[in-house]
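Source file: start-v6.cif. Holds: mmCIF, C-alpha atoms.
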```
data_target
loop_
_atom_site.label_atom_id
_atom_site.label_comp_id
_atom_site.auth_asym_id
_atom_site.auth_seq_id
_atom_site.Cartn_x
_atom_site.Cartn_y
_atom_site.Cartn_z
CA MET A 1 60.28 68.16 122.32
CA LYS A 2 60.63 71.79 123.36
CA ARG A 3 64.01 72.01 121.61
CA TYR A 4 62.46 70.49 118.47
CA LEU A 5 59.70 73.13 118.43
CA ILE A 6 62.26 75.91 118.87
CA LEU A 7 64.31 74.55 115.96
CA VAL A 8 61.24 74.34 113.68
CA SER A 9 60.20 77.85 114.68
CA THR A 10 63.70 79.17 113.90
CA ILE A 11 63.74 77.54 110.47
CA ILE A 12 60.30 78.93 109.61
CA THR A 13 61.40 82.40 110.73
CA MET A 14 64.48 82.20 108.50
CA LEU A 15 62.63 81.11 105.34
CA PRO A 16 61.71 84.63 104.14
CA ALA A 17 65.35 85.72 104.54
CA ILE A 18 66.55 82.66 102.65
CA ALA A 19 64.14 83.44 99.83
CA GLN A 20 65.66 86.90 99.45
CA GLN A 21 69.10 85.52 98.58
CA PRO A 22 69.71 85.90 94.82
CA VAL A 23 70.13 82.64 92.94
CA PRO A 24 73.68 82.22 91.57
CA ALA A 25 73.89 82.92 87.85
CA SER A 26 73.96 80.08 85.36
CA ALA A 27 76.29 79.93 82.38
CA ASN A 28 75.16 82.21 79.56
CA LYS A 29 75.33 80.33 76.27
CA LYS A 30 74.13 83.34 74.30
CA SER A 31 76.50 86.09 73.19
CA VAL A 32 75.87 89.69 74.22
CA LEU A 33 76.84 93.01 72.67
CA LEU A 34 76.76 96.16 74.80
CA LEU A 35 76.39 99.06 72.38
CA ASN A 36 76.73 102.87 72.53
CA GLY A 37 77.92 103.11 76.14
CA THR A 38 80.99 104.97 77.40
CA VAL A 39 83.57 102.22 77.89
CA HIS A 40 86.13 102.71 80.68
CA THR A 41 88.72 100.06 79.86
CA ALA A 42 90.93 100.66 82.96
CA THR A 43 93.94 100.80 80.64
CA GLY A 44 93.90 104.59 80.42
CA LYS A 45 91.64 104.49 77.37
CA VAL A 46 88.01 105.66 77.32
CA ILE A 47 85.74 104.99 74.33
CA GLU A 48 82.95 107.57 74.35
CA LYS A 49 80.54 105.68 72.10
CA GLY A 50 81.84 102.19 72.50
CA ALA A 51 80.92 98.55 72.21
CA VAL A 52 81.81 95.51 74.29
CA GLY A 53 81.11 91.98 73.07
CA ILE A 54 80.77 88.94 75.32
CA LYS A 55 81.07 85.36 74.05
CA ASP A 56 81.69 82.16 76.04
CA GLY A 57 82.39 84.12 79.21
CA LYS A 58 85.14 86.19 77.58
CA ILE A 59 85.34 89.69 76.16
CA SER A 60 85.28 89.17 72.40
CA LEU A 61 85.12 92.76 71.19
CA VAL A 62 86.14 96.22 72.38
CA SER A 63 85.68 98.98 69.82
CA ASP A 64 83.75 102.09 68.93
CA ALA A 65 80.04 101.54 68.34
CA SER A 66 80.04 102.52 64.66
CA SER A 67 82.48 99.78 63.66
CA ALA A 68 80.79 97.23 65.94
CA GLN A 69 77.32 97.67 64.44
CA SER A 70 78.35 95.87 61.27
CA ASN A 71 79.12 92.79 63.43
CA SER A 72 76.04 93.10 65.65
CA SER A 73 74.24 90.32 63.78
CA SER A 74 76.82 87.82 65.08
CA TYR A 75 75.60 88.41 68.65
CA ASP A 76 72.45 86.83 70.06
CA THR A 77 71.54 89.83 72.20
CA VAL A 78 72.28 93.51 71.59
CA ILE A 79 71.79 95.85 74.56
CA ASN A 80 71.61 99.58 73.92
CA CYS A 81 73.69 101.40 76.58
CA THR A 82 73.29 104.93 75.28
CA GLY A 83 74.02 107.43 78.07
CA LYS A 84 75.39 104.70 80.34
CA GLN A 85 78.90 103.87 81.56
CA ILE A 86 80.57 100.46 81.16
CA TYR A 87 83.26 99.47 83.68
CA PRO A 88 85.35 96.40 84.52
CA GLY A 89 84.23 94.80 87.78
CA PHE A 90 85.81 96.40 90.84
CA ILE A 91 88.19 94.24 92.89
CA ASP A 92 88.35 94.50 96.68
CA PRO A 93 91.65 93.21 98.14
CA ASP A 94 92.32 92.20 101.74
CA CYS A 95 88.72 91.89 102.91
CA THR A 96 86.71 89.58 105.17
CA LEU A 97 83.63 89.42 102.98
CA GLY A 98 82.02 85.99 103.42
CA LEU A 99 83.97 85.34 106.63
CA VAL A 100 81.91 87.69 108.84
CA GLU A 101 78.14 88.01 108.74
CA SER A 102 77.60 90.03 111.90
CA GLY A 103 80.53 91.19 114.00
CA ALA A 104 78.25 91.29 117.05
CA VAL A 105 77.45 87.57 116.71
CA ARG A 106 80.53 85.51 117.40
CA ALA A 107 79.15 82.36 115.74
CA THR A 108 79.01 84.20 112.38
CA THR A 109 82.63 85.38 112.56
CA ASP A 110 85.36 83.13 111.23
CA VAL A 111 88.36 85.34 110.43
CA ALA A 112 91.04 84.23 112.89
CA ASP A 113 92.28 81.38 115.04
CA ILE A 114 94.34 81.14 118.21
CA GLY A 115 98.12 81.18 117.97
CA ALA A 116 100.63 83.54 116.38
CA LEU A 117 101.75 81.54 113.33
CA ASN A 118 98.90 80.13 111.24
CA PRO A 119 99.84 80.15 107.53
CA GLU A 120 97.96 76.87 107.01
CA LEU A 121 94.57 78.52 107.70
CA ARG A 122 92.78 78.89 104.35
CA ALA A 123 90.12 81.52 103.76
CA LEU A 124 89.08 79.54 100.68
CA THR A 125 87.17 76.76 102.42
CA THR A 126 85.69 79.12 105.01
CA TYR A 127 84.17 81.50 102.48
CA ASN A 128 80.38 81.66 102.72
CA THR A 129 78.67 82.15 99.36
CA ASP A 130 75.31 82.58 101.12
CA SER A 131 76.35 85.75 102.92
CA LYS A 132 73.63 88.42 102.85
CA ILE A 133 76.33 91.08 102.53
CA THR A 134 77.72 89.92 99.19
CA PRO A 135 74.65 90.87 97.07
CA VAL A 136 74.69 94.32 98.68
CA VAL A 137 78.35 94.82 97.74
CA ARG A 138 77.73 93.75 94.14
CA LEU A 139 75.17 96.52 93.70
CA ASN A 140 78.01 99.07 93.62
CA GLY A 141 80.10 97.16 91.09
CA VAL A 142 82.39 95.15 93.37
CA LEU A 143 82.40 91.75 91.67
CA THR A 144 85.67 90.16 92.84
CA ALA A 145 87.40 90.09 96.24
CA GLN A 146 90.50 88.76 97.92
CA ILE A 147 89.17 86.97 101.00
CA THR A 148 91.73 87.23 103.78
CA PRO A 149 92.13 85.79 107.30
CA GLN A 150 93.22 88.00 110.19
CA GLY A 151 94.96 87.80 113.56
CA GLY A 152 98.32 86.67 114.91
CA LEU A 153 101.70 87.38 113.36
CA ILE A 154 100.95 85.19 110.34
CA SER A 155 97.20 85.14 109.78
CA GLY A 156 96.84 82.53 107.08
CA THR A 157 96.37 82.16 103.34
CA SER A 158 93.97 84.21 101.23
CA SER A 159 92.08 83.32 98.06
CA ILE A 160 90.51 85.45 95.34
CA MET A 161 86.80 84.85 94.82
CA ASN A 162 84.17 85.85 92.31
CA LEU A 163 81.18 87.22 94.21
CA ASP A 164 78.79 84.68 92.75
CA GLY A 165 78.51 80.92 93.11
CA TRP A 166 76.72 78.08 94.85
CA ASN A 167 79.74 77.23 97.01
CA TRP A 168 83.37 78.12 97.46
CA GLU A 169 84.41 75.80 94.65
CA ASP A 170 82.15 77.69 92.22
CA ALA A 171 83.25 81.10 93.45
CA CYS A 172 87.00 80.46 93.54
CA TYR A 173 88.95 82.55 91.04
CA LYS A 174 92.48 81.99 92.35
CA ALA A 175 93.10 79.66 95.28
CA ASP A 176 95.72 80.30 97.98
CA ASP A 177 97.25 83.34 96.31
CA GLY A 178 99.32 84.50 99.29
CA VAL A 179 100.31 84.37 102.95
CA HIS A 180 99.51 87.35 105.19
CA MET A 181 101.93 88.56 107.85
CA ASN A 182 101.24 91.24 110.48
CA TRP A 183 104.48 93.01 111.31
CA PRO A 184 104.69 93.74 115.06
CA ILE A 185 103.91 97.31 116.06
CA MET A 186 106.85 99.20 117.57
CA TYR A 187 104.67 101.69 119.41
CA SER A 188 100.96 101.83 120.19
CA ARG A 189 98.70 104.60 121.46
CA VAL A 190 97.30 104.75 124.97
CA PHE A 191 93.59 105.55 125.26
CA LEU A 192 92.96 107.29 128.59
CA ASN A 193 89.18 107.15 128.07
CA PRO A 194 86.84 106.92 125.07
CA ASP A 195 87.17 110.66 124.41
CA GLN A 196 90.86 111.20 125.18
CA ILE A 197 93.89 109.77 123.38
CA GLY A 198 97.17 109.64 125.25
CA GLY A 199 100.74 109.23 124.01
CA PHE A 200 102.61 106.24 122.61
CA VAL A 201 104.02 103.31 124.54
CA GLN A 202 106.74 100.98 123.33
CA ASN A 203 105.96 97.37 122.51
CA LYS A 204 108.29 95.56 124.91
CA ALA A 205 107.75 92.27 123.11
CA TYR A 206 108.77 93.71 119.73
CA ASP A 207 112.25 92.15 119.55
CA LYS A 208 110.97 88.77 120.69
CA GLN A 209 108.20 88.84 118.07
CA ILE A 210 110.69 89.71 115.32
CA GLN A 211 112.91 86.83 116.38
CA LEU A 212 109.92 84.49 116.25
CA ILE A 213 109.08 85.59 112.70
CA GLN A 214 112.70 85.35 111.59
CA LYS A 215 113.10 81.84 112.95
CA PHE A 216 109.83 80.71 111.40
CA PHE A 217 110.84 82.04 107.99
CA SER A 218 114.25 80.40 108.34
CA ASP A 219 112.66 77.06 109.21
CA ALA A 220 110.18 77.41 106.35
CA GLN A 221 112.93 78.18 103.86
CA ALA A 222 114.96 75.15 104.97
CA TYR A 223 111.83 72.98 104.78
CA SER A 224 111.05 74.19 101.26
CA LYS A 225 114.50 73.12 100.05
CA GLN A 226 114.05 69.53 101.20
CA LYS A 227 112.69 67.20 98.52
CA THR A 228 111.26 64.70 100.98
CA HIS A 229 110.07 64.92 104.58
CA GLU A 230 109.73 62.24 107.20
CA GLU A 231 106.70 64.09 108.55
CA THR A 232 104.52 66.69 106.87
CA ASP A 233 104.40 70.00 108.71
CA LEU A 234 101.21 71.80 107.63
CA LYS A 235 102.46 75.22 108.71
CA LEU A 236 105.72 74.92 106.80
CA GLU A 237 103.99 73.32 103.81
CA ALA A 238 101.77 76.41 103.55
CA MET A 239 104.88 78.59 103.42
CA LYS A 240 106.63 76.74 100.59
CA GLY A 241 104.98 78.78 97.84
CA ILE A 242 106.42 82.10 99.00
CA PHE A 243 109.95 80.94 98.21
CA ASP A 244 109.28 79.66 94.69
CA GLY A 245 107.05 82.59 93.73
CA SER A 246 103.77 80.68 93.50
CA LYS A 247 102.48 82.69 96.49
CA THR A 248 102.83 86.30 97.53
CA VAL A 249 103.80 87.53 100.98
CA TYR A 250 101.46 90.32 102.06
CA ILE A 251 103.12 92.35 104.81
CA TYR A 252 100.97 94.55 107.04
CA ALA A 253 102.97 97.51 108.30
CA SER A 254 101.92 101.11 108.84
CA PHE A 255 104.75 103.30 110.08
CA ALA A 256 107.91 104.13 108.14
CA LYS A 257 110.37 102.20 110.33
CA GLU A 258 108.09 99.15 110.38
CA ILE A 259 107.70 99.27 106.60
CA MET A 260 111.45 99.35 106.02
CA ALA A 261 112.23 96.70 108.65
CA SER A 262 109.61 94.24 107.41
CA ILE A 263 110.57 94.49 103.75
CA THR A 264 114.26 94.23 104.58
CA LEU A 265 113.62 91.00 106.49
CA ALA A 266 111.51 89.53 103.66
CA LYS A 267 114.19 90.47 101.13
CA SER A 268 116.82 88.72 103.23
CA PHE A 269 115.04 85.43 102.48
CA SER A 270 114.99 86.16 98.72
CA ILE A 271 111.19 86.12 98.63
CA PRO A 272 110.29 87.02 95.03
CA LYS A 273 106.77 88.44 95.56
CA ILE A 274 106.22 90.97 98.33
CA VAL A 275 103.25 93.33 98.72
CA LEU A 276 102.95 96.00 101.40
CA VAL A 277 99.47 96.35 102.94
CA GLY A 278 98.14 99.23 105.01
CA ALA A 279 101.20 101.46 104.71
CA ARG A 280 99.90 104.69 106.22
CA ASP A 281 103.45 106.13 106.02
CA ALA A 282 104.13 104.86 102.49
CA TRP A 283 104.23 108.47 101.30
CA MET A 284 107.33 108.99 103.50
CA VAL A 285 109.34 106.10 102.02
CA THR A 286 108.52 106.23 98.31
CA ASP A 287 112.21 106.04 97.32
CA PHE A 288 112.67 102.87 99.39
CA LEU A 289 109.53 101.26 97.94
CA LYS A 290 110.50 102.19 94.38
CA GLN A 291 114.03 100.90 94.83
CA ASN A 292 112.77 97.55 96.10
CA ASN A 293 109.89 97.35 93.58
CA ILE A 294 107.24 96.90 96.29
CA PRO A 295 103.55 97.29 95.32
CA VAL A 296 101.27 98.82 97.94
CA ILE A 297 97.69 98.08 98.97
CA VAL A 298 96.75 101.43 100.49
CA THR A 299 94.65 101.36 103.65
CA ARG A 300 91.19 102.90 103.77
CA VAL A 301 91.25 106.37 102.25
CA HIS A 302 88.28 107.47 104.34
CA SER A 303 90.19 107.48 107.63
CA GLN A 304 91.91 109.87 109.99
CA PRO A 305 95.64 110.71 109.77
CA ALA A 306 97.95 108.31 111.59
CA MET A 307 99.79 111.02 113.52
CA THR A 308 98.61 114.28 115.08
CA ASP A 309 101.15 116.28 113.05
CA ASP A 310 100.17 114.73 109.72
CA ASP A 311 98.11 116.77 107.29
CA VAL A 312 94.42 116.31 108.01
CA ASP A 313 93.88 115.13 104.42
CA GLN A 314 96.95 112.87 104.27
CA PRO A 315 94.98 109.60 103.78
CA TYR A 316 93.14 111.21 100.85
CA LYS A 317 96.27 112.27 98.98
CA THR A 318 98.59 109.31 99.65
CA PRO A 319 97.47 107.50 96.44
CA TYR A 320 98.40 110.58 94.39
CA ILE A 321 101.86 110.68 95.99
CA LEU A 322 102.39 107.00 95.13
CA GLN A 323 101.14 107.65 91.59
CA GLN A 324 103.63 110.46 91.15
CA ALA A 325 106.45 108.28 92.51
CA GLY A 326 105.71 105.54 89.97
CA ILE A 327 104.74 102.94 92.59
CA LEU A 328 102.14 100.31 91.76
CA TYR A 329 99.28 100.63 94.27
CA CYS A 330 95.61 99.85 94.78
CA LEU A 331 92.95 100.67 97.37
CA GLU A 332 91.41 98.55 100.14
CA ASN A 333 88.80 98.82 102.92
CA GLU A 334 90.69 97.54 105.99
CA GLY A 335 89.10 98.60 109.26
CA ASP A 336 85.98 98.20 111.36
CA GLN A 337 83.10 96.47 109.57
CA GLU A 338 85.21 96.19 106.43
CA GLU A 339 82.96 93.51 104.96
CA ASN A 340 80.15 96.09 104.90
CA ALA A 341 82.45 98.90 103.77
CA SER A 342 83.41 96.92 100.66
CA ARG A 343 80.48 98.53 98.86
CA ASN A 344 82.13 101.94 99.44
CA LEU A 345 85.30 100.97 97.56
CA PRO A 346 84.37 102.94 94.41
CA PHE A 347 83.59 106.04 96.45
CA MET A 348 86.98 105.89 98.15
CA ALA A 349 88.49 105.87 94.68
CA GLY A 350 86.30 108.84 93.83
CA THR A 351 87.69 110.78 96.80
CA THR A 352 91.23 110.40 95.44
CA VAL A 353 90.13 112.26 92.28
CA ALA A 354 89.54 115.36 94.40
CA TYR A 355 93.11 115.00 95.70
CA GLY A 356 95.10 114.69 92.51
CA LEU A 357 94.31 111.50 90.61
CA THR A 358 92.54 111.56 87.28
CA PRO A 359 89.23 109.64 87.13
CA GLU A 360 90.87 106.88 85.07
CA GLN A 361 93.81 106.58 87.48
CA ALA A 362 91.33 106.26 90.34
CA LEU A 363 89.47 103.58 88.38
CA GLU A 364 92.71 101.65 87.83
CA ALA A 365 93.33 101.76 91.60
CA ILE A 366 90.33 99.45 92.12
CA THR A 367 90.57 97.41 88.91
CA SER A 368 93.67 96.87 86.76
CA ASN A 369 96.21 97.88 89.43
CA THR A 370 94.56 95.53 91.92
CA ALA A 371 94.60 92.71 89.37
CA LYS A 372 98.34 93.25 88.77
CA ILE A 373 99.12 93.20 92.49
CA LEU A 374 97.03 90.06 93.05
CA GLY A 375 98.51 88.31 90.02
CA ILE A 376 95.28 87.95 88.02
CA ASP A 377 95.85 90.70 85.43
CA ASN A 378 96.13 88.21 82.55
CA THR A 379 92.42 87.49 82.83
CA ALA A 380 90.87 90.24 84.97
CA GLY A 381 90.92 93.90 85.92
CA SER A 382 90.28 95.62 82.59
CA ILE A 383 88.05 95.54 79.52
CA GLU A 384 90.26 93.98 76.90
CA VAL A 385 89.67 91.29 74.30
CA GLY A 386 90.38 87.81 75.66
CA LYS A 387 89.89 88.66 79.31
CA ASP A 388 87.05 87.34 81.46
CA ALA A 389 83.81 89.22 80.94
CA THR A 390 83.49 90.50 84.51
CA LEU A 391 82.03 93.95 84.04
CA PHE A 392 78.99 96.10 84.72
CA VAL A 393 76.88 98.94 83.36
CA SER A 394 76.02 102.01 85.45
CA ASP A 395 73.61 104.85 84.76
CA GLY A 396 76.26 107.36 85.85
CA ASP A 397 79.77 107.77 87.20
CA ALA A 398 80.41 104.63 89.26
CA LEU A 399 82.96 106.45 91.46
CA ASP A 400 80.39 109.03 92.54
CA MET A 401 77.83 107.93 95.13
CA ARG A 402 75.33 110.43 93.72
CA THR A 403 75.24 108.81 90.27
CA ASN A 404 76.45 105.23 90.79
CA ASN A 405 73.54 103.01 89.80
CA VAL A 406 74.50 99.57 88.53
CA THR A 407 71.80 98.27 86.19
CA LEU A 408 73.53 95.29 84.58
CA ALA A 409 76.45 93.11 85.69
CA PHE A 410 78.30 90.05 84.43
CA ILE A 411 80.76 87.76 86.21
CA LYS A 412 82.74 85.69 83.69
CA GLY A 413 79.98 86.30 81.19
CA LYS A 414 77.18 85.23 83.53
CA LYS A 415 74.48 87.83 84.09
CA ILE A 416 73.98 88.16 87.85
CA GLN A 417 70.90 89.25 89.78
CA LEU A 418 71.18 92.78 91.13
CA THR A 419 68.98 92.29 94.15
CA SER A 420 69.76 92.07 97.85
CA ILE A 421 68.04 92.09 101.21
CA GLN A 422 68.24 95.89 101.06
CA THR A 423 66.47 96.14 97.71
CA GLU A 424 63.82 93.73 98.99
CA LEU A 425 63.23 95.89 102.06
CA TYR A 426 63.15 99.00 99.89
CA GLN A 427 60.42 97.52 97.70
CA LYS A 428 58.54 96.28 100.77
CA TYR A 429 58.32 99.66 102.45
CA MET A 430 57.68 101.54 99.22
CA GLN A 431 54.49 99.47 99.01
CA LYS A 432 53.68 99.93 102.70
CA TYR A 433 53.62 103.70 102.38
CA GLY A 434 51.94 103.68 98.97
CA LEU A 435 54.92 105.11 97.12
CA LYS A 436 54.89 102.34 94.52
#
```

Let me see whether you can do it: turn the structure in this file into C-alpha cells.
Amino acid sequence: MKRYLILVSTIITMLPAIAQQPVPASANKKSVLLLNGTVHTATGKVIEKGAVGIKDGKISLVSDASSAQSNSSSYDTVINCTGKQIYPGFIDPDCTLGLVESGAVRATTDVADIGALNPELRALTTYNTDSKITPVVRLNGVLTAQITPQGGLISGTSSIMNLDGWNWEDACYKADDGVHMNWPIMYSRVFLNPDQIGGFVQNKAYDKQIQLIQKFFSDAQAYSKQKTHEETDLKLEAMKGIFDGSKTVYIYASFAKEIMASITLAKSFSIPKIVLVGARDAWMVTDFLKQNNIPVIVTRVHSQPAMTDDDVDQPYKTPYILQQAGILYCLENEGDQEENASRNLPFMAGTTVAYGLTPEQALEAITSNTAKILGIDNTAGSIEVGKDATLFVSDGDALDMRTNNVTLAFIKGKKIQLTSIQTELYQKYMQKYGLK
C-alpha cells in the first residue's frame, strides 16, 4: 500500500511537467506563403525581399516578393515577414538528443551498451520524442538531428530524426543511416589532479584494438558477400550496408596519425561512404582528406586547442581552413552535455564568421553541408523548390545569440509549437514578480 501511495504521488507530481510538453504538430492542409522576409537559401544565394511558399509539406515557391505577390491568392495563408529572416532548419549531426534526459540520472541515459563491437544497437528505437530538451533546442532553429549511440570501438547505428512527432516512427527522417566507429587513441593525457594536466601516455592496447577492428571488418565483409546464412549474426547483419553503400561509416579520430590510419584501413575494405568525425587535427591533413574525398564533421568549435602548442584559436578557425582546402565539412556539438549544447549549434557557426567564413558559408555548415554529408540533401538542408518545408523565421540573425529569436517554424510543412519548459518557467516568474 505504501508503494502504491508513493507511485500515485509521483504521477501527480509529474502531471504539471507533462502538461508543459508541446503537442506534436498535425499535418497542415492549408498552404502558406511567407512574404517580404530575407530568405537565406543555404545555397549561397540570399533574397533580400523574398517569398517562400509551402504546399503539401513541400517548398512550392522561392522567389522575390514582388513576383510572388501576383500568386499570393493561390495560398490559403499569407504571412508578412518584413524585417525578419527566413532560414532552412538547422541540422545537428552526431548528437545524443532524445537518448539522455539528465546525465546525472543513470536511468534516463541510454547512449551505450557493454562490449566493444555493437553495430546492431539502433538509436532509432531508443529515441525519446517526449524529451524535455527537444523543445528547448527547437527554439534556436535546430529542427533535425542525427541521433547517435556512443561507447566501445563500434558504438552502433544512428538515425536521422525530425524534432517533432508522437513516437520514433513519426519522427524518423532516415533510418539507420550509418555505423559509428571510435578509432583507438594512440596516446592519452595524464591528469595529475583536477587543476594540473600531465604529459601523454601510450595506449598499450592500441595494436590489439586495431587487430580486433580489422578482423571484425574482414568477417563482416565476408558475411556480406554470402547470399545465404545458416545462422543470422545480428552484428554482421548491421554491417552489411557499409559495403554496398546503403550505410555510411562514421570514423571518430582526432589526431593526424589516427585520422590517416583509420581512413586507410576503411579504404582497404573498399567502403564507399566514409565520414570523419571529430578531427581536431583535420587542418594538418587537408591534402590527405582532399585526395581521399573524405567529408568532415568538425568537433565543437567552442572548445580548447587539442595540444599546448596549437594556436589558442585553432578550433575556431579549423572550418575556414577546410573551406579553403575545398573539403566538405559541417559542425557538431560533441562533448559534455551535448544534448543540451545542441541549441548552441547556430552560435558555433556564428563564431566561425569571426574567423574567416562568410555568414552564408557558416550557415551552410549547419544546413546544406550537413545534409550532403548525411545523405539527405535531395530533400533537406536548403530552401529550394521541391524540398521538404523544414524552415523557420527569426526576428534577427539566427547565428547571433543577441538577435536569434525564432518566431515561426515548420517541420515538413507542419507548424510546430515554439514553447518549452523554459518558456513556461519564464512566463511563470514574469507573473510572480509582476513583470507581465

- Query: Looking at A:Gly199, A:Gly381, A:Pro93, A:Gly98, which one is nearest to Thr129 in chain A, with distances taken over all atoms listed in the file?
  - Reply: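 Selected residue with least distance to Thr129 in chain A: A:Gly98.
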
- When the PyMOL selection byres ((chain A and resi 114-118) around 6) is applied to the file above, which residues end up in the set, as a list in words?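 Those residues are Asp113, Pro119, Glu120, Leu121, Gly152, Leu153, Ile154, Ser155 and Gly156 of chain A.
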
- Ground truth for the PyMOL selection byres ((chain A and resi 343) around 9), written as a PyMOL selection string: chain A and resi 136-142+339-342+344-347

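Residues in contact with Leu357 in chain A at 10 Å, where all atoms listed in the file are counted and same-chain residues fewer than 3 positions away are skipped, are listed as Lys317, Pro319, Tyr320, Ile321, Gln323, Gln324, Ala349, Gly350, Thr351, Thr352, Val353, Ala354, Glu360, Gln361, Ala362, Leu363 and Ala365 of chain A.
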
- A straight line from CA of Asp56 in chain A to CA of Leu34 in chain A spans 14.9 Å

- Any chance you could resolve the PyMOL selection byres ((chain A and resi 26) around 10) against this file and give the residues as a list in words?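 In the shown coordinates, the PyMOL selection byres ((chain A and resi 26) around 10) covers Val23, Pro24, Ala25, Ala27, Asn28, Lys29, Asp164, Gly165, Gly413, Lys414, Lys415 and Ile416 of chain A.
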
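Within the 12 Å cut-off around range 222-233 of chain A, using all atoms listed in the file and omitting residues fewer than 4 positions from it on the same chain, the listed residues are Asn118, Pro119, Glu120, Lys215, Phe216, Phe217, Ser218, Glu237, Ala238, Met239, Lys240, Gly241, Ile242, Phe243, Asp244, Gly245 and Phe269 of chain A.
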